[in-house]
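Novice: Sharing query.txt, compact mmCIF, C-alpha atoms:
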```
# COMPACT_ATOMS: atom_id res chain seq x y z
CA MET A 719 99.52 10.69 117.15
CA LYS A 720 97.04 12.67 115.08
CA LYS A 721 95.82 14.62 118.12
CA LEU A 722 99.36 15.39 119.18
CA SER A 723 100.36 16.61 115.71
CA ALA A 724 97.21 18.71 115.46
CA ARG A 725 98.10 20.54 118.64
CA ARG A 726 101.62 21.28 117.51
CA ARG A 727 102.24 24.66 115.83
CA HIS A 728 105.21 25.91 113.94
CA PRO A 729 107.31 28.24 116.13
CA LEU A 730 107.02 31.05 113.53
CA ALA A 731 103.24 30.80 113.24
CA ALA A 732 102.63 33.54 115.81
CA VAL A 733 105.06 35.83 114.04
CA VAL A 734 103.31 35.25 110.71
CA VAL A 735 99.90 36.00 112.25
CA LEU A 736 101.25 39.22 113.77
CA LEU A 737 102.73 40.35 110.47
CA LEU A 738 99.48 39.64 108.67
CA ALA A 739 97.58 41.66 111.25
CA LEU A 740 99.97 44.61 110.88
CA ALA A 741 99.77 44.41 107.11
CA ALA A 742 95.98 44.41 107.27
CA THR A 743 96.02 47.42 109.59
CA GLY A 744 98.45 49.28 107.33
CA GLY A 745 96.36 48.43 104.31
CA LEU A 746 93.25 49.76 105.98
CA TYR A 747 95.07 52.98 106.94
CA ALA A 748 96.42 53.40 103.43
CA ALA A 749 92.96 52.80 102.04
CA PHE A 750 91.04 55.14 104.30
CA ALA A 751 93.43 57.80 105.73
CA PRO A 752 94.29 59.54 102.42
CA ALA A 753 90.62 59.57 101.51
CA ASP A 754 89.76 61.17 104.85
CA LYS A 755 92.46 63.82 104.37
CA ALA A 756 91.37 64.54 100.82
CA GLN A 757 87.77 64.80 101.95
CA ALA A 758 88.77 67.21 104.75
CA ASP A 759 90.72 69.38 102.29
CA GLU A 760 87.79 69.39 99.89
CA THR A 761 85.41 70.38 102.67
CA ALA A 762 87.69 73.22 103.81
CA GLN A 763 88.00 74.45 100.22
CA SER A 764 84.22 74.34 99.78
CA LEU A 765 83.74 76.37 102.96
CA ALA A 766 86.32 78.92 101.80
CA ILE A 767 84.54 79.27 98.46
CA GLU A 768 81.18 79.67 100.19
CA GLU A 769 82.49 82.39 102.53
CA GLY A 770 84.30 84.06 99.66
CA LYS A 771 81.10 84.20 97.65
CA LYS A 772 79.40 86.05 100.51
CA LEU A 773 82.23 88.60 100.66
CA TYR A 774 82.16 88.92 96.88
CA SER A 775 78.42 89.61 96.85
CA VAL A 776 78.88 92.50 99.27
CA GLY A 777 82.08 94.12 97.99
CA CYS A 778 82.56 93.13 94.35
CA ALA A 779 79.35 92.06 92.62
CA SER A 780 78.11 95.60 91.96
CA CYS A 781 80.95 96.17 89.47
CA HIS A 782 82.02 92.68 88.39
CA GLY A 783 78.60 91.05 88.19
CA THR A 784 76.89 88.53 90.45
CA GLY A 785 78.78 85.64 88.84
CA GLY A 786 82.02 87.44 88.03
CA GLN A 787 81.00 87.81 84.38
CA GLY A 788 81.82 91.52 84.38
CA THR A 789 79.73 94.62 83.71
CA SER A 790 80.21 98.03 82.13
CA ASP A 791 81.78 99.14 85.43
CA GLY A 792 84.22 96.26 85.86
CA PRO A 793 85.92 93.50 83.84
CA SER A 794 85.14 89.79 83.99
CA LEU A 795 86.91 87.87 86.74
CA VAL A 796 86.56 84.47 85.09
CA GLY A 797 90.06 83.06 84.73
CA VAL A 798 91.98 85.82 86.56
CA GLY A 799 92.99 83.33 89.28
CA SER A 800 93.65 83.64 92.99
CA ALA A 801 96.96 85.51 92.48
CA SER A 802 95.17 88.46 90.87
CA VAL A 803 92.67 88.67 93.74
CA ASP A 804 95.41 88.50 96.36
CA PHE A 805 97.37 91.30 94.67
CA GLN A 806 94.45 93.65 93.98
CA VAL A 807 92.70 93.25 97.34
CA ALA A 808 95.78 93.01 99.59
CA THR A 809 97.19 96.24 98.13
CA GLY A 810 93.85 98.02 98.62
CA ARG A 811 93.29 98.64 94.92
CA MET A 812 90.10 96.64 95.14
CA PRO A 813 87.35 97.33 95.94
CA ALA A 814 87.85 100.56 93.98
CA GLN A 815 86.56 103.80 95.47
CA GLN A 816 85.60 105.27 92.10
CA PRO A 817 86.25 104.66 88.40
CA GLY A 818 89.23 106.38 86.82
CA ALA A 819 92.15 106.05 84.48
CA GLN A 820 93.91 103.86 87.04
CA VAL A 821 93.02 102.49 90.47
CA PRO A 822 95.55 103.70 93.08
CA GLU A 823 96.91 101.71 95.99
CA LYS A 824 95.24 102.43 99.32
CA ARG A 825 94.73 100.95 102.79
CA ASN A 826 93.47 97.38 102.72
CA ILE A 827 90.07 96.74 104.38
CA TYR A 828 90.15 92.91 104.42
CA SER A 829 92.05 90.47 106.60
CA GLN A 830 94.32 87.92 104.93
CA ALA A 831 91.84 85.16 105.78
CA GLN A 832 89.07 87.06 104.00
CA ILE A 833 91.35 87.71 101.02
CA ASP A 834 92.07 83.97 100.81
CA GLN A 835 88.33 83.26 100.82
CA LEU A 836 87.68 85.81 98.08
CA ALA A 837 90.55 84.35 96.08
CA ALA A 838 89.16 80.84 96.50
CA TYR A 839 85.76 81.91 95.16
CA VAL A 840 87.14 83.80 92.16
CA ALA A 841 89.51 80.90 91.40
CA SER A 842 86.48 78.58 91.32
CA LEU A 843 85.05 80.62 88.40
CA GLY A 844 87.83 79.51 86.06
CA PRO A 845 91.51 78.46 86.09
CA GLY A 846 94.10 81.23 86.37
CA PRO A 847 97.40 82.18 88.06
CA VAL A 848 97.66 80.69 91.55
CA THR A 849 98.78 82.66 94.62
CA PRO A 850 102.52 81.95 94.98
CA THR A 851 104.14 80.32 97.99
CA GLU A 852 106.94 81.95 99.97
CA LYS A 853 109.43 79.56 98.36
CA GLN A 854 108.47 80.90 94.93
CA TYR A 855 108.87 84.61 95.65
CA SER A 856 111.65 84.58 98.25
CA PRO A 857 114.74 86.47 96.93
CA LYS A 858 117.15 84.47 99.10
CA GLY A 859 120.04 83.17 97.05
CA ALA A 860 118.92 85.02 93.91
CA ASP A 861 121.29 86.57 91.37
CA ILE A 862 120.97 90.34 91.93
CA ALA A 863 123.14 91.30 88.95
CA ARG A 864 121.10 89.10 86.63
CA GLY A 865 117.93 90.56 88.15
CA GLY A 866 119.19 94.04 87.28
CA ASP A 867 119.70 93.04 83.65
CA LEU A 868 116.22 91.53 83.48
CA PHE A 869 114.66 94.56 85.17
CA ARG A 870 116.30 97.04 82.83
CA THR A 871 115.20 94.96 79.83
CA ASN A 872 111.59 94.31 80.82
CA CYS A 873 110.55 96.83 83.48
CA ALA A 874 112.65 100.03 83.44
CA GLN A 875 110.78 101.54 80.48
CA CYS A 876 107.83 102.17 82.80
CA HIS A 877 109.09 101.80 86.36
CA ASN A 878 112.40 103.68 85.90
CA PHE A 879 115.86 102.11 86.30
CA THR A 880 115.58 102.02 90.10
CA GLY A 881 111.86 101.28 90.32
CA GLN A 882 110.76 104.80 91.27
CA GLY A 883 107.85 104.70 88.83
CA GLY A 884 106.90 107.07 86.07
CA ALA A 885 104.10 108.65 84.06
CA LEU A 886 102.29 106.84 81.26
CA THR A 887 99.70 108.03 78.74
CA LYS A 888 96.07 109.07 79.33
CA GLY A 889 96.43 109.78 83.04
CA LYS A 890 97.96 106.42 83.91
CA TRP A 891 101.24 105.75 85.67
CA ALA A 892 103.68 103.02 86.64
CA PRO A 893 103.75 102.97 90.46
CA SER A 894 106.87 103.20 92.56
CA LEU A 895 108.21 99.87 93.81
CA ASP A 896 109.41 101.29 97.12
CA ASP A 897 108.63 98.88 99.99
CA VAL A 898 106.41 96.63 97.83
CA SER A 899 106.44 93.10 99.28
CA PRO A 900 108.15 90.33 97.27
CA LYS A 901 104.85 88.45 97.15
CA HIS A 902 103.02 91.32 95.48
CA ILE A 903 105.87 91.94 93.02
CA TYR A 904 105.72 88.27 92.02
CA GLU A 905 101.92 88.39 91.68
CA ALA A 906 102.12 91.53 89.55
CA MET A 907 104.51 89.77 87.19
CA GLN A 908 102.18 86.77 87.12
CA THR A 909 98.96 88.63 86.44
CA GLY A 910 99.88 91.91 84.72
CA PRO A 911 97.63 94.33 86.64
CA GLN A 912 96.18 97.36 84.82
CA ASN A 913 98.75 98.57 82.22
CA MET A 914 101.45 96.07 83.10
CA PRO A 915 102.05 93.09 80.78
CA SER A 916 101.96 89.65 82.37
CA PHE A 917 105.04 87.43 82.61
CA PRO A 918 103.89 83.81 83.11
CA ASP A 919 106.43 81.09 83.81
CA THR A 920 106.45 80.20 80.13
CA THR A 921 107.75 83.70 79.37
CA MET A 922 109.75 84.43 82.53
CA PRO A 923 110.66 81.41 84.69
CA GLU A 924 110.29 81.47 88.44
CA LYS A 925 114.06 81.87 88.97
CA GLU A 926 114.16 85.03 86.83
CA LYS A 927 111.26 86.52 88.81
CA GLN A 928 113.21 85.87 92.01
CA ASP A 929 116.27 87.58 90.53
CA ILE A 930 114.20 90.67 89.65
CA ILE A 931 112.69 90.77 93.13
CA ALA A 932 116.18 90.56 94.68
CA TYR A 933 117.36 93.47 92.52
CA ILE A 934 114.33 95.63 93.40
CA LYS A 935 114.74 94.97 97.12
CA THR A 936 118.45 95.83 96.84
CA VAL A 937 118.03 99.20 95.08
CA ASN A 938 114.69 100.12 96.66
CA GLY A 939 114.74 98.54 100.09
CA GLN A 940 114.37 100.33 103.39
CA ASP A 941 118.09 99.88 104.13
CA THR A 942 119.29 100.96 100.69
CA ALA A 943 122.00 103.62 100.98
CA THR A 944 122.08 106.69 98.69
CA PRO A 945 125.67 107.98 98.94
CA GLY A 946 125.06 110.54 96.20
CA GLY A 947 122.48 112.42 98.25
CA PHE A 948 119.03 113.23 96.90
CA GLY A 949 118.34 110.75 94.11
CA LEU A 950 115.94 112.92 92.07
CA GLY A 951 113.98 109.85 91.08
CA GLY A 952 117.07 107.96 89.98
CA LEU A 953 116.69 109.24 86.43
CA GLY A 954 120.37 110.01 85.90
CA PRO A 955 122.22 113.09 84.62
CA VAL A 956 119.30 114.74 82.80
CA PRO A 957 117.24 115.74 85.86
CA GLU A 958 120.43 116.39 87.83
CA GLY A 959 121.62 118.83 85.13
CA LEU A 960 118.18 120.44 84.97
CA PHE A 961 118.22 120.87 88.74
CA GLY A 962 121.67 122.45 88.51
CA TRP A 963 120.63 124.90 85.78
CA ILE A 964 117.36 125.96 87.39
CA PHE A 965 118.36 126.19 91.04
CA GLY A 966 122.14 126.54 90.84
CA LEU A 967 122.27 129.09 88.03
CA GLY A 968 119.10 130.75 89.34
CA SER A 969 120.72 131.21 92.74
CA LEU A 970 123.82 132.77 91.14
CA ILE A 971 121.67 135.22 89.15
CA ALA A 972 119.75 136.16 92.30
CA VAL A 973 123.01 136.82 94.17
CA ALA A 974 124.35 138.90 91.27
CA VAL A 975 121.17 141.03 91.19
CA TRP A 976 121.33 141.52 94.96
CA VAL A 977 125.01 142.58 94.83
CA ALA A 978 124.35 144.98 91.91
CA ALA A 979 121.39 146.57 93.68
CA HIS A 980 123.35 147.15 96.89
CA THR A 981 126.38 148.49 94.95
CA ALA A 982 124.18 151.05 93.19
CA LYS A 983 122.73 152.21 96.50
CA ALA A 984 126.20 152.59 97.96
CA LYS A 985 127.33 154.77 95.05
CA LYS A 986 124.29 157.06 95.35
CA SER A 987 124.87 157.63 99.02
```
Go ahead and express the file in the form of structure tokens.

Specialist:
Amino acid sequence: MKKLSARRRHPLAAVVVLLLALAATGGLYAAFAPADKAQADETAQSLAIEEGKKLYSVGCASCHGTGGQGTSDGPSLVGVGSASVDFQVATGRMPAQQPGAQVPEKRNIYSQAQIDQLAAYVASLGPGPVTPTEKQYSPKGADIARGGDLFRTNCAQCHNFTGQGGALTKGKWAPSLDDVSPKHIYEAMQTGPQNMPSFPDTTMPEKEKQDIIAYIKTVNGQDTATPGGFGLGGLGPVPEGLFGWIFGLGSLIAVAVWVAAHTAKAKKS
């Protein structure tokens, strides 16, 4: 009887063994797979930083110092973050051709992959604003009217009501926002390049930045209509009146002089 009972197994025993095996396999995956993924991400980040340091040594170290500490020719990059690097390098402002009151935008000489590597290295020097994702800067679904209010309150003093830019003091200027990508507008608000103040999320939440971007793309986009004709910088009635006085009244005076001269000749003959 003992031998017979020893050979007997409960009908659910096989199911229990199978479940235990699956649980053990799942536990092993949960224990090791995330670690492998984290290790892979860390390795990729380390490689990006290493390659970025090489690019930095060639194109940036002469002005910003070998460790990003800054020199008399360039400010420190410790703590500026990856967003600042992406904005400055992707818009061609950096590397700068020569020192001056303000570094102008020019053709970019780096690929986006190289920019990401440079940004990774500079970000490793100290925490700072992070390069935004498309979800953060996309103007889809934003409140354009609210963006206009925010723009006129915070930006129009320098960039003009329609983002056409304007002159500042000591040879500096606020650039035009024509055809500037939403990503770079967002990064500029994050980092405050050159004379521009910064607007971190604590000061201007992400949603408000999206509203401003939507407004700028509406009034300054490639498909923006100008039913009034030549906008004259969008500055309103003052330049329009000045244009009318100088060219309109000037044209009338020129016509009057021409008519008077020809009338006098006719009388003499």

Novice: Please report as JSON lines every residue of region 785-901 of chain A lying within 10 Å of region 911-929 of chain A, along with the nearest atom pair and their distance in Å (one decimal), using only C-alpha atoms.

Specialist:
```
{"residue": "A:Ser802", "atom": "CA", "partner": "A:Pro911", "partner_atom": "CA", "distance": 7.6}
{"residue": "A:Phe805", "atom": "CA", "partner": "A:Pro911", "partner_atom": "CA", "distance": 8.6}
{"residue": "A:Gln806", "atom": "CA", "partner": "A:Pro911", "partner_atom": "CA", "distance": 8.0}
{"residue": "A:Ala819", "atom": "CA", "partner": "A:Gln912", "partner_atom": "CA", "distance": 9.6}
{"residue": "A:Gln820", "atom": "CA", "partner": "A:Gln912", "partner_atom": "CA", "distance": 7.2}
{"residue": "A:Val821", "atom": "CA", "partner": "A:Gln912", "partner_atom": "CA", "distance": 8.3}
{"residue": "A:Pro847", "atom": "CA", "partner": "A:Pro918", "partner_atom": "CA", "distance": 8.3}
{"residue": "A:Lys853", "atom": "CA", "partner": "A:Gln928", "partner_atom": "CA", "distance": 9.7}
{"residue": "A:Gln854", "atom": "CA", "partner": "A:Glu924", "partner_atom": "CA", "distance": 6.8}
{"residue": "A:Tyr855", "atom": "CA", "partner": "A:Gln928", "partner_atom": "CA", "distance": 5.8}
{"residue": "A:Ser856", "atom": "CA", "partner": "A:Gln928", "partner_atom": "CA", "distance": 6.6}
{"residue": "A:Pro857", "atom": "CA", "partner": "A:Gln928", "partner_atom": "CA", "distance": 5.2}
{"residue": "A:Lys858", "atom": "CA", "partner": "A:Gln928", "partner_atom": "CA", "distance": 8.2}
{"residue": "A:Gly859", "atom": "CA", "partner": "A:Asp929", "partner_atom": "CA", "distance": 8.7}
{"residue": "A:Ala860", "atom": "CA", "partner": "A:Asp929", "partner_atom": "CA", "distance": 5.0}
{"residue": "A:Asp861", "atom": "CA", "partner": "A:Asp929", "partner_atom": "CA", "distance": 5.2}
{"residue": "A:Ile862", "atom": "CA", "partner": "A:Asp929", "partner_atom": "CA", "distance": 5.6}
{"residue": "A:Ala863", "atom": "CA", "partner": "A:Asp929", "partner_atom": "CA", "distance": 8.0}
{"residue": "A:Arg864", "atom": "CA", "partner": "A:Asp929", "partner_atom": "CA", "distance": 6.4}
{"residue": "A:Gly865", "atom": "CA", "partner": "A:Asp929", "partner_atom": "CA", "distance": 4.2}
{"residue": "A:Gly866", "atom": "CA", "partner": "A:Asp929", "partner_atom": "CA", "distance": 7.8}
{"residue": "A:Asp867", "atom": "CA", "partner": "A:Asp929", "partner_atom": "CA", "distance": 9.4}
{"residue": "A:Leu868", "atom": "CA", "partner": "A:Glu926", "partner_atom": "CA", "distance": 7.6}
{"residue": "A:Phe869", "atom": "CA", "partner": "A:Asp929", "partner_atom": "CA", "distance": 8.9}
{"residue": "A:Asn872", "atom": "CA", "partner": "A:Pro915", "partner_atom": "CA", "distance": 9.6}
{"residue": "A:Cys873", "atom": "CA", "partner": "A:Met914", "partner_atom": "CA", "distance": 9.1}
{"residue": "A:Cys876", "atom": "CA", "partner": "A:Met914", "partner_atom": "CA", "distance": 8.8}
{"residue": "A:Leu886", "atom": "CA", "partner": "A:Asn913", "partner_atom": "CA", "distance": 9.0}
{"residue": "A:Lys890", "atom": "CA", "partner": "A:Asn913", "partner_atom": "CA", "distance": 8.1}
{"residue": "A:Trp891", "atom": "CA", "partner": "A:Asn913", "partner_atom": "CA", "distance": 8.3}
{"residue": "A:Ala892", "atom": "CA", "partner": "A:Asn913", "partner_atom": "CA", "distance": 8.0}
{"residue": "A:Pro900", "atom": "CA", "partner": "A:Gln928", "partner_atom": "CA", "distance": 8.6}
```

Novice: Between CA of Gly881 (chain A) and CA of Lys824 (chain A), measure the distance and give it in Å to one decimal.

Specialist: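 These two atoms are separated by 18.9 Å.
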
Novice: May I have the residues within 8 Å of Ala837 (chain A) as a tab-separated table (two decimals) with C-alpha atoms, in the frame of the given file, using all atoms listed in the file and disregarding those fewer than 5 positions away in the same chain?

Specialist:
```
chain	number	residue	atom	x	y	z
A	770	GLY	CA	84.30	84.06	99.66
A	799	GLY	CA	92.99	83.33	89.28
A	800	SER	CA	93.65	83.64	92.99
A	801	ALA	CA	96.96	85.51	92.48
A	803	VAL	CA	92.67	88.67	93.74
A	804	ASP	CA	95.41	88.50	96.36
```

Novice: Work out how far apart CA of Ala814 (chain A) and CA of Thr880 (chain A) are and give it in Å to one decimal.

Specialist: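 Taking CA of Ala814 (chain A) as the start and CA of Thr880 (chain A) as the end point, the length is 28.0 Å.
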
Novice: Record the distance separating CA of Ser894 (chain A) and CA of Asn878 (chain A), expressed in Å with one decimal.

Specialist: 8.7 Å

Novice: Select, from A:Gly785, A:Val796, A:His980, A:Ile827, the residue with the minimum atom-to-atom distance to Lys772 (chain A), counting only C-alpha atoms.

Specialist: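 Result for the nearest residue to Lys772 (chain A): A:Gly785.
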
Novice: From the options A:Val973, A:Val807, A:Ala831, A:Val798, which residue's atoms come nearest to Thr909 (chain A), counting only C-alpha atoms?

Specialist: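 Between A:Val973, A:Val807, A:Ala831, A:Val798, the residue approaching Thr909 (chain A) most closely is A:Val798.
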
Novice: Measuring between only C-alpha atoms, which one of A:Phe961, A:Trp976, A:Phe879, A:Tyr904 shows the shortest distance to Glu852 (chain A)?

Specialist: A:Tyr904
